Protein chains: 2
Amino acid sequence: MGLKLRVKLMGLEAGGKLIAILNHDDAEEMGAHSQGRLNVSFKGEQATAIINTARRYVEKGEIGVFHELAERLKVKEGDFVDVQISKPPRSTAYIKNRLAGRKLSREEIFEIVKDVVSGSLSEIEITAFVTSLCHHSLDLEEALNLSLAMVETGKTLEFNSGLKVVDKHSIGGVPGDKTTLIVVPIIAAYGLTIPKCSSRAITSAAGTADRAETLMPVEFTLEDVKKIVEKTSGCIVWGGALQLSPADDIFIQVEFPLSIDPLLLPSIMSKKKAIGSRYVVIDIPCGLGAKIKTLNQANLLARDFIELGSRLGMKVRCAVTYGSQPVGYAIGPALEAREALTNLMQGFGSPDLLDKATDIAGMMIEMVGGGDGKAEAISLLETGKAERKLREIIEAQGGNPNIKPENIPIGEHAFTVKSDMSGYILWIDNDAVVDIARSAGAPKDKGAGVQLNRKVGDPVKAGDPLFTIYAEKESRLDQALSTLQASKPIGVGERMEMLMSVVKAPEITLEKFILER
Amino acid sequence: MGLKLRVKLMGLEAGGKLIAILNHDDAEEMGAHSQGRLNVSFKGEQATAIINTARRYVEKGEIGVFHELAERLKVKEGDFVDVQISKPPRSTAYIKNRLAGRKLSREEIFEIVKDVVSGSLSEIEITAFVTSLCHHSLDLEEALNLSLAMVETGKTLEFNSGLKVVDKHSIGGVPGDKTTLIVVPIIAAYGLTIPKCSSRAITSAAGTADRAETLMPVEFTLEDVKKIVEKTSGCIVWGGALQLSPADDIFIQVEFPLSIDPLLLPSIMSKKKAIGSRYVVIDIPCGLGAKIKTLNQANLLARDFIELGSRLGMKVRCAVTYGSQPVGYAIGPALEAREALTNLMQGFGSPDLLDKATDIAGMMIEMVGGGDGKAEAISLLETGKAERKLREIIEAQGGNPNIKPENIPIGEHAFTVKSDMSGYILWIDNDAVVDIARSAGAPKDKGAGVQLNRKVGDPVKAGDPLFTIYAEKESRLDQALSTLQASKPIGVGERMEMLMSVVKAPEITLEKFILER
């Protein structure tokens with residue numbers, strides 16, 4: 001049974017979903033339920049909307065229309081639209097079956113992903129889908145089909161088939177990891193093609209895109225990215241605006257608040273596929289303060305990446321790396337960009353950072369048939385070729401190619417924490433360091449962060465500086481100091497103290513969740 | 001870091017949740033994420049809201065406030081509120097652990113349910129909780145704690161401890177089930193106390209409250225219910241307005257669109273506990289067209305009801321009943337009320353209906369120590385005592401105690417379907433009958449529905465009427481007829497035809513979902 005309803009614009013976006021609000025009485029009259037579907041048409045435009053019901057604000061005879069639906073139908077306040085109950089999309093049945101433990105077929109997965117991207121599924125349905133993947137976890141067939149569906153619903157890039165397109169990705173979780181800023185120029189200098197699309201920080205103090213943005217612009221269209229890469233063999237851009245996997249951008253809105261990550265594999269691999277990569281190194285930081293806690297976990301995950309990559313036509317190798325303390329000395333976008341640039345220019349400075357970068361670059365070189373990759377990478381670094389390549393990329397992306405580390409602005413408000421005893425650095429708490437850097441304003445304030453003076457194993461005397469906190473605003477420095485008060489980021493002692501914490505009452509708190517893509 | 005923001009009222013309810021919208025820039029400035037939490041305070045009022053972010057409609061410096069949050073804070077358009085990031089409630093950590101397969105403790109369950117009722121959990125979080133119960137399904141300990149938490153967060157009724165308070169509940173799924181309209185007066189006439197709180201139809205053509213409403217008012221406060229029951233020993237009221245389990249009212253908003261029902265046990269038993277019942281019969285209709293398909297399934301569910309009841313201090317027996325065709329002949333609120341009243345007055349008419357009603361009433365009588373319960377029930381029916389008791393209840397609830405079946409109005413628009421062949425009624429398709437009745441306007445149009453002329457096993461001649469469709473509006477009769485076109489509600493033949501359907505392509509559709517509480 002149909003009704004003619006008067007449009008009331010709600011003045012609100014619905015997160016990409018097509019949502020219409022019916023007055024409770026109209027809904028009852030039509031036999032419509034909240035979360036059911038409504039066919040809405042207006043002057044030849046037609047859309048299937050998700051129904052919400054209201055007892056006030058939307059009167060009988062009205063239909064409340066959110067931004068996305070208004071745009072789709074091209075309606076204005078006061079227009080009259082025709083509405084009719086319709087069925088929920090078939091993908092809702094597939095989601096229900098997945099909840100009951102049934103694995104999804106290729107066709108079912110494609111239909112779900114298509115409906116997610118077109119705004120046809122409600123938040124409840126998307127949440128049910130994502131949580132259904134937590135239980136009977138994704139098998140490789142599902143991961144493959146999800147990856148392919150995510151690629152198909154997004155934009156893609158293709159390079160000349162003669163080019164060897166390589167890529168790297170870190171699953172994240174270790175602070176200060178500016179490895180990409182060093183790997184990309186080494187690899188591009190070697191002659192491979194590396195269209196590196198990076199993310200901004202979600203839960204960390206800096207993403208690679210945040211770091212790179214202190215050196216050069218990072219927001220481009222996919223067409224620009226292609227031009228830059230064809231000119232310089234590499235780029236370091238923000239992937240978020242490229243629409244490589246719009247489905248993933250929606251799934252993450254559910255994964256993040258729930259601190260779950262069941263789509264890790266297809267999320268990462270779909271973007272590598274979409275950007276045209278053929279050889280990929282996945283960095284899996286492993287350790288107490290990292291996302292992956294044990295070598296066994298890391299190995300299992302690595303096998304899945306390799307197998308999924310192979311089914312997607314990509315050669316994948318994984319680097320399980322030490323993740324129990326920050327990489328290098330700097331944490332925060334500008335501080336990290338300074339550290340990376342300095343190391344590229346000098347060829348030394350932060351031994352663990354350079355070791356990791358040349359390991360990963362070396363793996364890439366060997367994957368495409370090169371000889372001693374690590375030696376090659378070190379040589380590209382030491383001869384200054386990598387530095388010159390980075391400056392080429394900076395120029396191609398519209399930055400100042402002559403930029404010096406000291407040109408990158410750092411927050412003016414600083415506080416240095418000194419050791420109150422002599423001994424050795426026994427541990428550095430990743431979570432605590434990130435909390436302090438974020439309290440100080442990172443990643444939004446690019447000059448904010450933490451600069452370490454010591455790493456694990458280093459000797460220290462009472463009164464020696466341990467680290468300096470930088471902030472762009474005094475209020476944020478105060479906030480960082482109060483975060484510092486409540487935490488202990490660095491342990492100093494003669495011997496390791498064994499007691500980590502005392503559990504008295506069965507209190508359960510939300511574990512620190514790392515989400516970076 | 002805190003901000004002072006100007007209130008913009010969104011003119012919209014948020015389904016009981018406390019939701020605030022921040023402009024994207026303000027959110028980034030504060031390090032706030034969508035679905036995170038915001039502490040909002042205004043003139044001594046304080047609330048923790050769930051954050052949404054927007055790039056338009058809510059400007060920098062503004063905070064979009066939904067109805068519930070505005071009421072809680074007592075703010076008007078243009079007021080300035082103080083906001084500060086705060087942590088999500090601890091219950092979100094418990095939900096995450098449940099998703100990972102960890103069973104929930106009593107304290108954790110109470111905290112989740114409390115946060116659901118207070119509007120502190122987002123739709124994503126509530127959905128994740130409900131779906132988490134589908135996988136590692138509820139154990140009895142969790143079901144018990146959920147029931148207790150649902151009782152504690154709702155209203156309760158207590159009767160004089162001398163009274164034997166009995167109750168019945170059908171898990172639903174069989175059309176035309178007006179058993180309660182006959183059981184309640186039998187039981188009240190016997191001298192037991194039966195405060196029957198019924199539901200309205202959700203997915204069916206009529207709920208008991210819809211049926212009873214054609215005889216008498218059914219919407220009361222809990223205090224009124226107590227008075228009615230103390231006067232007449234029984235009532236038949238709508239439970240929906242009594243706030244017996246506000247948590248369940250929220251869970252159902254997620255369960256219904258997903259067609260899942262993991263909270264069945266605590267949902268039903270919490271309400272029985274809240275209304276003060278001590279002896280409960282659970283009716284489990286079983287059969288091809290019912291919610292429960294096999295006897296084994298029915299027996300397992302029955303054991304859970306009995307065990308959970310015992311832990312909640314209630315004695316429970318379960319009746320597994322035949323559910324493969326409608327109960328009696330009428331489907332639709334008014335038609336069913338007519339049938340029940342006629343059967344009560346005559347003591348005969350619909351053999352299966354009276355058999356079921358006296359079976360269930362008999363079980364109740366025996367549970368409290370009575371002798372041959374079924375014989376007792378039949379006698380109360382045949383002597384007219386049950387009819388007189390129903391009229392007492394109708395009067396106590398403000399209806400006309402002298403109502404006759406023909407006083408109950410039935411839709412004026414009717415269409416009778418006749419058999420095109422001679423033979424026997426081989427089957428009646430519950431789903432198809434319900435679809436037709438709902439298309440005709442039931443349950444909202446109380447006079448709409450389907451009146452059967454034959455039941456399974458009855459002989460029929462070509463041209464004999466099979467059933468009549470009633471509607472209050474001609475347009476709805478047309479709609480019912482077009483539903484009829486696409487379905488086959490009754491099978492007539494000499495022999496059962498064995499082929500039920502042909503599966504050619506792997507199409508998956510959403511199975512008919514029955515949700516009645």
# chains A, B, ... in the order shown; residues from 1 in each chain; ligands from 1
>>> closest_atom_pairs(of="chain B", to="chain A", cutoff="7 Å", atoms="only C-alpha atoms", output="Markdown table")
| residue | atom | partner | partner_atom | distance |
| --- | --- | --- | --- | --- |
| B:Gly11 | CA | A:Tyr57 | CA | 6.0 |
| B:Leu12 | CA | A:Tyr57 | CA | 6.1 |
| B:Glu28 | CA | A:Lys444 | CA | 6.9 |
| B:Glu29 | CA | A:Lys444 | CA | 7.0 |
| B:Gln35 | CA | A:Pro257 | CA | 5.9 |
| B:Gly36 | CA | A:Pro257 | CA | 7.0 |
| B:Tyr57 | CA | A:Gly11 | CA | 6.0 |
| B:Arg90 | CA | A:Thr509 | CA | 6.1 |
| B:Ala93 | CA | A:Leu510 | CA | 4.5 |
| B:Lys96 | CA | A:Leu258 | CA | 6.5 |
| B:Leu99 | CA | A:Cys134 | CA | 7.0 |
| B:Glu123 | CA | A:Ile124 | CA | 6.9 |
| B:Ile124 | CA | A:Thr127 | CA | 6.1 |
| B:Glu125 | CA | A:Leu258 | CA | 6.8 |
| B:Thr127 | CA | A:Ile124 | CA | 6.1 |
| B:Ala128 | CA | A:Thr131 | CA | 6.3 |
| B:Thr131 | CA | A:Ala128 | CA | 6.3 |
| B:Cys134 | CA | A:Leu99 | CA | 6.9 |
| B:His135 | CA | A:His135 | CA | 6.5 |
| B:Val254 | CA | A:Ile124 | CA | 6.9 |
| B:Pro257 | CA | A:Gln35 | CA | 5.9 |
| B:Leu258 | CA | A:Lys96 | CA | 6.5 |
| B:Lys444 | CA | A:Glu28 | CA | 6.9 |
| B:Ile508 | CA | A:Ala93 | CA | 6.9 |
| B:Thr509 | CA | A:Ala93 | CA | 5.7 |
| B:Leu510 | CA | A:Ala93 | CA | 4.5 |
>>> residues_around(residues="B:Ile393", least_positions_apart="4", cutoff="9 Å", atoms="only C-alpha atoms", output="NGL selection string")
:B and (185 or 216 or 228-229 or 231-236 or 388-389 or 397-399 or 401)
>>> select_by_dssp(residues="stretch 334-508 of chain A", states="strand (DSSP E or B)", output="ChimeraX atom specification")
/A:413-418,423-428,449-452,459-460,465-471,490-493
>>> write_last_selection(atoms="C-alpha atoms", output="CSV table (one decimal), in the first residue's frame")
chain,number,residue,atom,x,y,z
A,413,HIS,CA,56.6,24.1,24.4
A,414,ALA,CA,58.9,21.4,25.7
A,415,PHE,CA,59.5,19.5,28.9
A,416,THR,CA,62.4,17.2,29.5
A,417,VAL,CA,62.1,14.2,31.8
A,418,LYS,CA,65.3,13.2,33.6
A,423,GLY,CA,71.4,2.2,35.7
A,424,TYR,CA,70.1,0.9,32.4
A,425,ILE,CA,67.0,1.5,30.3
A,426,LEU,CA,65.1,-1.7,31.0
A,427,TRP,CA,62.0,-1.1,29.0
A,428,ILE,CA,60.0,1.5,27.1
A,449,GLY,CA,55.4,14.4,20.2
A,450,VAL,CA,58.1,12.7,22.2
A,451,GLN,CA,61.8,12.6,21.5
A,452,LEU,CA,63.7,9.8,23.3
A,459,PRO,CA,73.2,3.1,30.3
A,460,VAL,CA,71.9,6.2,32.1
A,465,PRO,CA,67.6,13.3,30.1
A,466,LEU,CA,65.4,10.4,29.3
A,467,PHE,CA,63.0,12.1,26.8
A,468,THR,CA,61.5,15.4,25.9
A,469,ILE,CA,57.9,16.1,25.3
A,470,TYR,CA,57.1,18.7,22.6
A,471,ALA,CA,53.7,20.5,22.2
A,490,ILE,CA,60.4,4.2,30.7
A,491,GLY,CA,61.8,1.8,33.2
A,492,VAL,CA,65.4,2.5,34.6
A,493,GLY,CA,67.2,0.1,36.9
>>> select_by_dssp(residues="stretch 165-401 of chain B", states="helix (DSSP H, G or I)", output="PyMOL selection string")
chain B and resi 179-190+208-212+222-232+239-241+246-258+264-274+295-311+333-346+351-367+373-382+385-396
>>> residues_around(residues="stretch 208-213 of chain A", least_positions_apart="4", cutoff="6 Å", atoms="only C-alpha atoms", output="PDB file with N, CA, C and O atoms, in the first residue's frame")
ATOM      1  N   SER A 198      49.665   5.785   2.062  1.00  0.00           N
ATOM      2  CA  SER A 198      49.754   5.575   3.501  1.00  0.00           C
ATOM      3  C   SER A 198      48.522   6.109   4.195  1.00  0.00           C
ATOM      4  O   SER A 198      47.731   6.861   3.636  1.00  0.00           O
ATOM      5  N   SER A 199      48.413   5.729   5.462  1.00  0.00           N
ATOM      6  CA  SER A 199      47.259   6.185   6.238  1.00  0.00           C
ATOM      7  C   SER A 199      47.668   7.272   7.223  1.00  0.00           C
ATOM      8  O   SER A 199      48.842   7.476   7.506  1.00  0.00           O
ATOM      9  N   ARG A 200      46.669   7.973   7.707  1.00  0.00           N
ATOM     10  CA  ARG A 200      46.876   8.874   8.832  1.00  0.00           C
ATOM     11  C   ARG A 200      46.678   8.071  10.107  1.00  0.00           C
ATOM     12  O   ARG A 200      46.071   7.003  10.091  1.00  0.00           O
ATOM     13  N   PRO A 217      53.078  18.071   0.309  1.00  0.00           N
ATOM     14  CA  PRO A 217      51.653  17.752   0.241  1.00  0.00           C
ATOM     15  C   PRO A 217      51.474  16.249   0.030  1.00  0.00           C
ATOM     16  O   PRO A 217      52.305  15.605  -0.628  1.00  0.00           O
ATOM     17  N   VAL A 218      50.376  15.672   0.599  1.00  0.00           N
ATOM     18  CA  VAL A 218      50.145  14.226   0.464  1.00  0.00           C
ATOM     19  C   VAL A 218      48.743  13.889  -0.056  1.00  0.00           C
ATOM     20  O   VAL A 218      48.420  12.727  -0.265  1.00  0.00           O
ATOM     21  N   TRP A 238      48.661  10.210   0.899  1.00  0.00           N
ATOM     22  CA  TRP A 238      47.594   9.744   1.781  1.00  0.00           C
ATOM     23  C   TRP A 238      46.611   8.910   0.961  1.00  0.00           C
ATOM     24  O   TRP A 238      46.081   9.379  -0.056  1.00  0.00           O
ATOM     25  N   PRO A 333      54.545  13.357  14.254  1.00  0.00           N
ATOM     26  CA  PRO A 333      54.779  13.558  12.821  1.00  0.00           C
ATOM     27  C   PRO A 333      56.043  14.338  12.476  1.00  0.00           C
ATOM     28  O   PRO A 333      56.896  13.843  11.711  1.00  0.00           O
ATOM     29  N   ALA A 337      59.626  12.914  10.977  1.00  0.00           N
ATOM     30  CA  ALA A 337      60.100  13.313   9.641  1.00  0.00           C
ATOM     31  C   ALA A 337      61.521  13.849   9.753  1.00  0.00           C
ATOM     32  O   ALA A 337      62.382  13.566   8.904  1.00  0.00           O
TER      33      ALA A 337
END
>>> residues_around(residues="stretch 262-279 of chain A", least_positions_apart="6", cutoff="8 Å", atoms="only C-alpha atoms", output="ChimeraX atom specification")
/A:130-131,133-134,137-138,143-144,146-148,150-151,154-159,164-167,169,194-195,244-245,248,255,304-305,308-309,312-316,364,367-368,517
>>> closest_residue(among="A:Lys356, A:Arg495, A:Lys488, A:Lys455", to="A:Lys178", atoms="only C-alpha atoms")
A:Lys356
>>> atom_distance(atom1="atom CA of B:Phe220", atom2="atom CA of B:Ala396")
11.6 Å
>>> closest_residue(among="B:His24, B:Arg72, B:Lys446, B:Lys196", to="B:Val237", atoms="only C-alpha atoms")
B:Lys196
>>> residues_around(residues="B:Leu353", least_positions_apart="2", cutoff="9 Å", atoms="only C-alpha atoms", output="PDB file with C-alpha atoms, in the first residue's frame")
ATOM      1  CA  ASP B 177      -3.662 -19.063  18.685  1.00  0.00           C
ATOM      2  CA  LYS B 178      -6.352 -17.510  20.895  1.00  0.00           C
ATOM      3  CA  THR B 179      -5.747 -20.110  23.625  1.00  0.00           C
ATOM      4  CA  ILE B 182      -9.849 -19.268  27.139  1.00  0.00           C
ATOM      5  CA  VAL B 327      -5.241 -23.132  15.935  1.00  0.00           C
ATOM      6  CA  GLY B 328      -9.038 -23.068  15.424  1.00  0.00           C
ATOM      7  CA  TYR B 329     -10.568 -21.429  12.372  1.00  0.00           C
ATOM      8  CA  ALA B 340     -12.847 -17.601  21.551  1.00  0.00           C
ATOM      9  CA  ASN B 343     -16.310 -21.416  22.240  1.00  0.00           C
ATOM     10  CA  GLY B 349     -16.983 -25.274  18.317  1.00  0.00           C
ATOM     11  CA  SER B 350     -13.242 -25.467  17.629  1.00  0.00           C
ATOM     12  CA  PRO B 351     -12.078 -28.846  18.945  1.00  0.00           C
ATOM     13  CA  ASP B 355      -8.300 -29.241  23.515  1.00  0.00           C
ATOM     14  CA  LYS B 356      -5.219 -27.054  23.688  1.00  0.00           C
ATOM     15  CA  ALA B 357      -6.765 -24.596  26.136  1.00  0.00           C
ATOM     16  CA  THR B 358      -7.964 -27.273  28.553  1.00  0.00           C
TER      17      THR B 358
END
>>> residues_around(residues="B:Ser118", least_positions_apart="6", cutoff="12 Å", atoms="only C-alpha atoms", output="PyMOL selection string")
chain B and resi 15-18+47-49+68-69+72+89+111-112+153-154+246-247+250
